[in-house]
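Report on the following structure.
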Amino acid sequence: MDFNPTPPPRETLRAYLSKKGHVVKNWKLRLFVLKPGSSYMEYFVDETKEQQHLPQGRVPLYGTRVMEYVYSSNNNPREFCLSVETEHKNWIISTGSKAQQMEWIEAIKHAIETSVETDEIKIQKHKSIEKQLHLDGKNKNKTPVLKLLLLGTGESGKSTVVKQMKILHHKGFSKEEEEFYRNLIYINLLDGMALLIHVIKENNIEIPQETLSAVKNYSSWYRVYIEKRNKNGIRNNPIGSMIPTSILNNNNNNNNSNSLRNNGGGSSSSELDKKMTHLSLDGSTCINSNSASSNGNTTTTTTSNSNSTNIHNRSNSDGSNNNIFNVQDFGIPPIITNYISTIWSDPVVQSEVMLQAQKYHINESTQYYLNEIKRIGKPTYQPVNLDILKSRATTNGVVETDFNVNGDVIFRIVDVAGQRGERKKWINFFDDVTAIVFVAAINEYDQKLVEDNCTNRLHESLNLFDSICNDSTFPKTSIILFLNKIDLFRDKIKRTSIKICFPDYAGDQSYEKSSNYIKNSFLSKKKGGNGVNSQNFIYFHFTCATDTKSFETVFNSVRDIIISKTLEFYC
Ligand SMILES: Nc1nc2c(ncn2[C@@H]2O[C@H](COP(=O)(O)OP(=O)(O)OP(=O)(O)O)[C@@H](O)[C@H]2O)c(=O)[nH]1
Ligand SMILES: [Mg+2]
């Protein structure tokens, strides 16, 4: 006789389990209840809600699948998960143990087999299909947004890349932005000249009488100008985050004479301001009176000049002469333009002083602006794109800008501040990154870091690149390396070998060999090599971020790579 025992009736299964949120993606503890014969599994906030039968949600069981699920996340991995999937939605639930996971999977499977399609389920299914169709239609018309994160050490050229994008994809700069940059260019130029004067003084550099006279007059004017500039701050700033705060800060006690720009690249006038005190503030103080120069010779930069043209002291800084210090509204005064021209046309300044100034972290664009002093010094001066690209202000915080590229795709470019102290903030912008553009200034191989005035800048950049390209947060993110400032590199390599930075370098001093060595030094940082099939293959380009034509070519190639690697996701 066949004995066919009926399985024992299943009991209601109840337990607090964690459920992954659908909207806010965190884990929520819920009381799950699975009753035998029910077509739903319900979950409640707590027992009280269960007693009142007010479920927080219901998981339909008809036509549903249940399976084990592995939830791995860098920050918060979960064990013993299961996933319940309908055609249009799935629930991820984390249990407390392997046994509990199996128990719930078995019970749900059984409930699925015995469930029936109720009218409520039919209506719900219909609604979710409609919702999905609606969403699909919306997404079809939506331009995909690709997030590009610009990373790199301070002054490497990240913000310059954003400016190029504005020129190429935003039809250039607005009137407001042009106005901001006009003023920034004045500041860069005037501070650059002040720094050169400081270098002359500190290094006892011999200059002819005519230059000396211009130096003294410029210094006495600059002193008052700075005072007024600090008092007024910078008006009409269209790009708040780019205000060079170092310029506004008057309490800088940095005594390191080689570290004038406390904020790494922005002009630091407060330091210069102090230095300028002994540079003929009252017209009677002289520079290096009979002091010995570094080579032991007596300099000829001596002159106590009681008749000295103290034409720009405070007493005439008010009233009708006030405009002479109001550069923002009236431009650089013609007489100051003349002093600058005189000083800059001195070959000693262009060679020896300029060379020494690198140790003082002089802004690389100073030379360009000084060469253009006649044009920039005109009262009607309006900056051209190249002037704007050359301007320098340290980025503060983070600037996100959307660029609609040919109507196909939006590139959301995130520009961050590159200095050491700022990098801990970067992590907040690592979510949903499509690609990282790492900008490294390869001309920095003989320069020291602004932050500590001792670390080699290129070493710092290599170390930073190492940590970025091997960061597990970006396992599938494309990385594009911009080996930037090749124009300055090409120039410098004629004078200085990269051996100063890479003692093992055995090649010659040619541009090709030296730049190739630096490129390989970067690529070799990637652990496991940079094979074409690796998920975050590093693409590289040699760039000059201030050259719009060449940048356009580079960007088009970057755009194609990113789009081809990403867009299949949207299709
Ligand atoms: N000659 C030359 N100058 C460049 C190049 N790229 C950038 N610069 C200049 O370098 C300076 C610094 O560039 P930024 O774009 O401000 O540097 P950044 O990386 O944004 O710096 P932080 O905001 O401090 O992190 C600016 O004066 C630029 O004009 C380049 O390829 N060639
Ligand atoms: Mg910047």
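If you're wondering about the labels, chains in the structure tokens are A, B, ... by order shown, residues count from 1 in each chain, ligands from 1 in order shown.
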Item to check | Phe522 in chain A environment, 12 Å, only C-alpha atoms, sequence neighbours closer than 5 positions dropped, as a ChimeraX atom specification | outcome: /A:438-442,458-469,479-483,515-517,527,529-530,538-541
Next on the checklist: Please find the residues contacting ligand 2 at a distance of at most 10 Å between atoms, with only C-alpha atoms and all ligand atoms counted, and report them as an MDAnalysis selection string.
Outcome noted: chainID A and resid 150:162 241:242 265:266 392:399 415:419
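Residue nearest Arg65 in chain A, chosen from A:Ala111, A:Glu79, A:Gly21, A:Ser514 and counting only C-alpha atoms: A:Ala111.
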Item to check | Given only C-alpha atoms and all ligand atoms as the counted atoms, nearest of A:Glu512, A:Asp504, A:Glu552, A:Asp387 to ligand 1 | outcome: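 Smallest distance to ligand 1 is found for A:Asp387.
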So which bits of range 78-114 of chain A end up strand (DSSP E or B) when you DSSP the backbone, as a PDB file with all heavy atoms, in the first residue's frame?
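What ended up in states.pdb:
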ATOM      1  N   ARG A  78      27.640  42.982   1.953  1.00  0.00           N
ATOM      2  CA  ARG A  78      26.617  42.300   2.753  1.00  0.00           C
ATOM      3  C   ARG A  78      26.662  40.812   2.465  1.00  0.00           C
ATOM      4  O   ARG A  78      26.835  40.396   1.330  1.00  0.00           O
ATOM      5  CB  ARG A  78      25.231  42.812   2.353  1.00  0.00           C
ATOM      6  CG  ARG A  78      24.967  44.205   2.833  1.00  0.00           C
ATOM      7  CD  ARG A  78      24.214  44.152   4.116  1.00  0.00           C
ATOM      8  NE  ARG A  78      24.177  45.451   4.758  1.00  0.00           N
ATOM      9  CZ  ARG A  78      23.410  45.733   5.788  1.00  0.00           C
ATOM     10  NH1 ARG A  78      22.596  44.813   6.282  1.00  0.00           N
ATOM     11  NH2 ARG A  78      23.432  46.913   6.337  1.00  0.00           N
ATOM     12  N   GLU A  79      26.460  40.030   3.519  1.00  0.00           N
ATOM     13  CA  GLU A  79      26.471  38.577   3.325  1.00  0.00           C
ATOM     14  C   GLU A  79      25.042  38.051   3.310  1.00  0.00           C
ATOM     15  O   GLU A  79      24.109  38.724   3.718  1.00  0.00           O
ATOM     16  CB  GLU A  79      27.245  37.929   4.469  1.00  0.00           C
ATOM     17  CG  GLU A  79      28.749  38.066   4.293  1.00  0.00           C
ATOM     18  CD  GLU A  79      29.490  37.227   5.307  1.00  0.00           C
ATOM     19  OE1 GLU A  79      29.284  37.473   6.509  1.00  0.00           O
ATOM     20  OE2 GLU A  79      30.237  36.337   4.893  1.00  0.00           O
ATOM     21  N   PHE A  80      24.876  36.830   2.870  1.00  0.00           N
ATOM     22  CA  PHE A  80      23.616  36.055   2.955  1.00  0.00           C
ATOM     23  C   PHE A  80      22.422  36.819   2.360  1.00  0.00           C
ATOM     24  O   PHE A  80      21.371  36.943   2.988  1.00  0.00           O
ATOM     25  CB  PHE A  80      23.325  35.666   4.417  1.00  0.00           C
ATOM     26  CG  PHE A  80      24.536  35.181   5.166  1.00  0.00           C
ATOM     27  CD1 PHE A  80      24.963  35.802   6.332  1.00  0.00           C
ATOM     28  CD2 PHE A  80      25.281  34.100   4.672  1.00  0.00           C
ATOM     29  CE1 PHE A  80      26.086  35.368   7.007  1.00  0.00           C
ATOM     30  CE2 PHE A  80      26.408  33.658   5.352  1.00  0.00           C
ATOM     31  CZ  PHE A  80      26.817  34.302   6.519  1.00  0.00           C
ATOM     32  N   CYS A  81      22.632  37.341   1.176  1.00  0.00           N
ATOM     33  CA  CYS A  81      21.536  38.094   0.547  1.00  0.00           C
ATOM     34  C   CYS A  81      20.707  37.196  -0.344  1.00  0.00           C
ATOM     35  O   CYS A  81      21.158  36.150  -0.815  1.00  0.00           O
ATOM     36  CB  CYS A  81      22.107  39.223  -0.295  1.00  0.00           C
ATOM     37  SG  CYS A  81      22.838  40.493   0.694  1.00  0.00           S
ATOM     38  N   LEU A  82      19.478  37.653  -0.617  1.00  0.00           N
ATOM     39  CA  LEU A  82      18.654  36.996  -1.628  1.00  0.00           C
ATOM     40  C   LEU A  82      17.994  38.088  -2.451  1.00  0.00           C
ATOM     41  O   LEU A  82      17.854  39.233  -1.999  1.00  0.00           O
ATOM     42  CB  LEU A  82      17.623  36.076  -0.979  1.00  0.00           C
ATOM     43  CG  LEU A  82      16.683  36.664   0.055  1.00  0.00           C
ATOM     44  CD1 LEU A  82      15.335  36.958  -0.574  1.00  0.00           C
ATOM     45  CD2 LEU A  82      16.518  35.644   1.188  1.00  0.00           C
ATOM     46  N   SER A  83      17.650  37.708  -3.644  1.00  0.00           N
ATOM     47  CA  SER A  83      17.017  38.686  -4.521  1.00  0.00           C
ATOM     48  C   SER A  83      15.691  38.116  -5.010  1.00  0.00           C
ATOM     49  O   SER A  83      15.607  36.948  -5.421  1.00  0.00           O
ATOM     50  CB  SER A  83      17.976  38.953  -5.682  1.00  0.00           C
ATOM     51  OG  SER A  83      17.274  39.337  -6.814  1.00  0.00           O
ATOM     52  N   VAL A  84      14.643  38.921  -4.897  1.00  0.00           N
ATOM     53  CA  VAL A  84      13.326  38.517  -5.404  1.00  0.00           C
ATOM     54  C   VAL A  84      13.041  39.408  -6.605  1.00  0.00           C
ATOM     55  O   VAL A  84      13.027  40.636  -6.474  1.00  0.00           O
ATOM     56  CB  VAL A  84      12.229  38.699  -4.336  1.00  0.00           C
ATOM     57  CG1 VAL A  84      10.898  38.134  -4.838  1.00  0.00           C
ATOM     58  CG2 VAL A  84      12.627  38.034  -3.027  1.00  0.00           C
ATOM     59  N   GLU A  85      12.853  38.768  -7.774  1.00  0.00           N
ATOM     60  CA  GLU A  85      12.761  39.569  -8.999  1.00  0.00           C
ATOM     61  C   GLU A  85      11.452  39.360  -9.723  1.00  0.00           C
ATOM     62  O   GLU A  85      11.082  38.224 -10.037  1.00  0.00           O
ATOM     63  CB  GLU A  85      13.902  39.191  -9.953  1.00  0.00           C
ATOM     64  CG  GLU A  85      15.256  39.545  -9.402  1.00  0.00           C
ATOM     65  CD  GLU A  85      16.386  39.131 -10.337  1.00  0.00           C
ATOM     66  OE1 GLU A  85      16.105  38.648 -11.452  1.00  0.00           O
ATOM     67  OE2 GLU A  85      17.546  39.281  -9.922  1.00  0.00           O
ATOM     68  N   ASN A  90      13.057  44.533  -8.642  1.00  0.00           N
ATOM     69  CA  ASN A  90      13.611  43.496  -7.774  1.00  0.00           C
ATOM     70  C   ASN A  90      13.929  44.024  -6.385  1.00  0.00           C
ATOM     71  O   ASN A  90      14.181  45.210  -6.190  1.00  0.00           O
ATOM     72  CB  ASN A  90      14.787  42.770  -8.422  1.00  0.00           C
ATOM     73  CG  ASN A  90      15.957  43.660  -8.634  1.00  0.00           C
ATOM     74  OD1 ASN A  90      15.785  44.866  -8.666  1.00  0.00           O
ATOM     75  ND2 ASN A  90      17.130  43.090  -8.779  1.00  0.00           N
ATOM     76  N   TRP A  91      13.846  43.097  -5.449  1.00  0.00           N
ATOM     77  CA  TRP A  91      14.082  43.434  -4.038  1.00  0.00           C
ATOM     78  C   TRP A  91      15.331  42.686  -3.602  1.00  0.00           C
ATOM     79  O   TRP A  91      15.445  41.474  -3.839  1.00  0.00           O
ATOM     80  CB  TRP A  91      12.894  42.960  -3.180  1.00  0.00           C
ATOM     81  CG  TRP A  91      11.654  43.801  -3.330  1.00  0.00           C
ATOM     82  CD1 TRP A  91      11.244  44.785  -2.489  1.00  0.00           C
ATOM     83  CD2 TRP A  91      10.659  43.710  -4.355  1.00  0.00           C
ATOM     84  NE1 TRP A  91      10.057  45.328  -2.920  1.00  0.00           N
ATOM     85  CE2 TRP A  91       9.685  44.691  -4.070  1.00  0.00           C
ATOM     86  CE3 TRP A  91      10.505  42.909  -5.501  1.00  0.00           C
ATOM     87  CZ2 TRP A  91       8.563  44.875  -4.878  1.00  0.00           C
ATOM     88  CZ3 TRP A  91       9.399  43.100  -6.300  1.00  0.00           C
ATOM     89  CH2 TRP A  91       8.440  44.077  -6.003  1.00  0.00           C
ATOM     90  N   ILE A  92      16.240  43.421  -2.972  1.00  0.00           N
ATOM     91  CA  ILE A  92      17.435  42.760  -2.435  1.00  0.00           C
ATOM     92  C   ILE A  92      17.306  42.755  -0.914  1.00  0.00           C
ATOM     93  O   ILE A  92      17.102  43.819  -0.296  1.00  0.00           O
ATOM     94  CB  ILE A  92      18.723  43.476  -2.884  1.00  0.00           C
ATOM     95  CG1 ILE A  92      18.832  43.364  -4.408  1.00  0.00           C
ATOM     96  CG2 ILE A  92      19.947  42.861  -2.234  1.00  0.00           C
ATOM     97  CD1 ILE A  92      19.855  44.268  -5.018  1.00  0.00           C
ATOM     98  N   ILE A  93      17.398  41.547  -0.368  1.00  0.00           N
ATOM     99  CA  ILE A  93      17.162  41.388   1.069  1.00  0.00           C
ATOM    100  C   ILE A  93      18.366  40.688   1.679  1.00  0.00           C
ATOM    101  O   ILE A  93      18.865  39.694   1.137  1.00  0.00           O
ATOM    102  CB  ILE A  93      15.878  40.549   1.299  1.00  0.00           C
ATOM    103  CG1 ILE A  93      14.679  41.293   0.687  1.00  0.00           C
ATOM    104  CG2 ILE A  93      15.651  40.298   2.786  1.00  0.00           C
ATOM    105  CD1 ILE A  93      13.475  40.400   0.445  1.00  0.00           C
ATOM    106  N   SER A  94      18.826  41.222   2.798  1.00  0.00           N
ATOM    107  CA  SER A  94      19.974  40.612   3.464  1.00  0.00           C
ATOM    108  C   SER A  94      19.507  39.917   4.742  1.00  0.00           C
ATOM    109  O   SER A  94      18.816  40.519   5.564  1.00  0.00           O
ATOM    110  CB  SER A  94      20.979  41.731   3.767  1.00  0.00           C
ATOM    111  OG  SER A  94      21.841  41.336   4.775  1.00  0.00           O
TER     112      SER A  94
END
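Atom pair atom 11 (C, counted along the ligand's line) of ligand 1 / CA of Glu444 in chain A: separated by 11.7 Å.
Among A:Pro55, A:Gly192, A:Pro208, A:Pro503, the residue with the shortest atom-to-atom distance to ligand 1, counting only C-alpha atoms and all ligand atoms, is A:Gly192.
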Item to check | For CA of Ser472 in chain A and CA of Ser97 in chain A, the interatomic separation in Å (one decimal) | outcome: 28.1 Å
Checklist entry - Among range 389-511 of chain A, which residues carry a DSSP assignment of alpha helix (DSSP H), reported as number ranges by chain? => result A: 389-390, 457-469, 486-492, 511
Item to check | Point-to-point distance from CA of Ile185 in chain A to CA of Gln367 in chain A, Å rounded to tenths | outcome: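 Calculated distance between CA of Ile185 in chain A and CA of Gln367 in chain A is 12.3 Å.
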Item to check | Nearest candidate to ligand 1 (options A:Glu176, A:Asp560, A:Asp547, A:Glu87; using only C-alpha atoms and all ligand atoms) | outcome: A:Asp547
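Each of A:Ser478, A:Ser391, A:Thr434, A:Asn183 was checked against ligand 1 using only C-alpha atoms and all ligand atoms; the smallest atom-to-atom distance is that of A:Ser391.
Restricting the calculation to only C-alpha atoms, the smallest distance between Lys166 in chain A and any of A:Asp446, A:Glu206, A:Asp408, A:Asp402 is found for A:Asp402.
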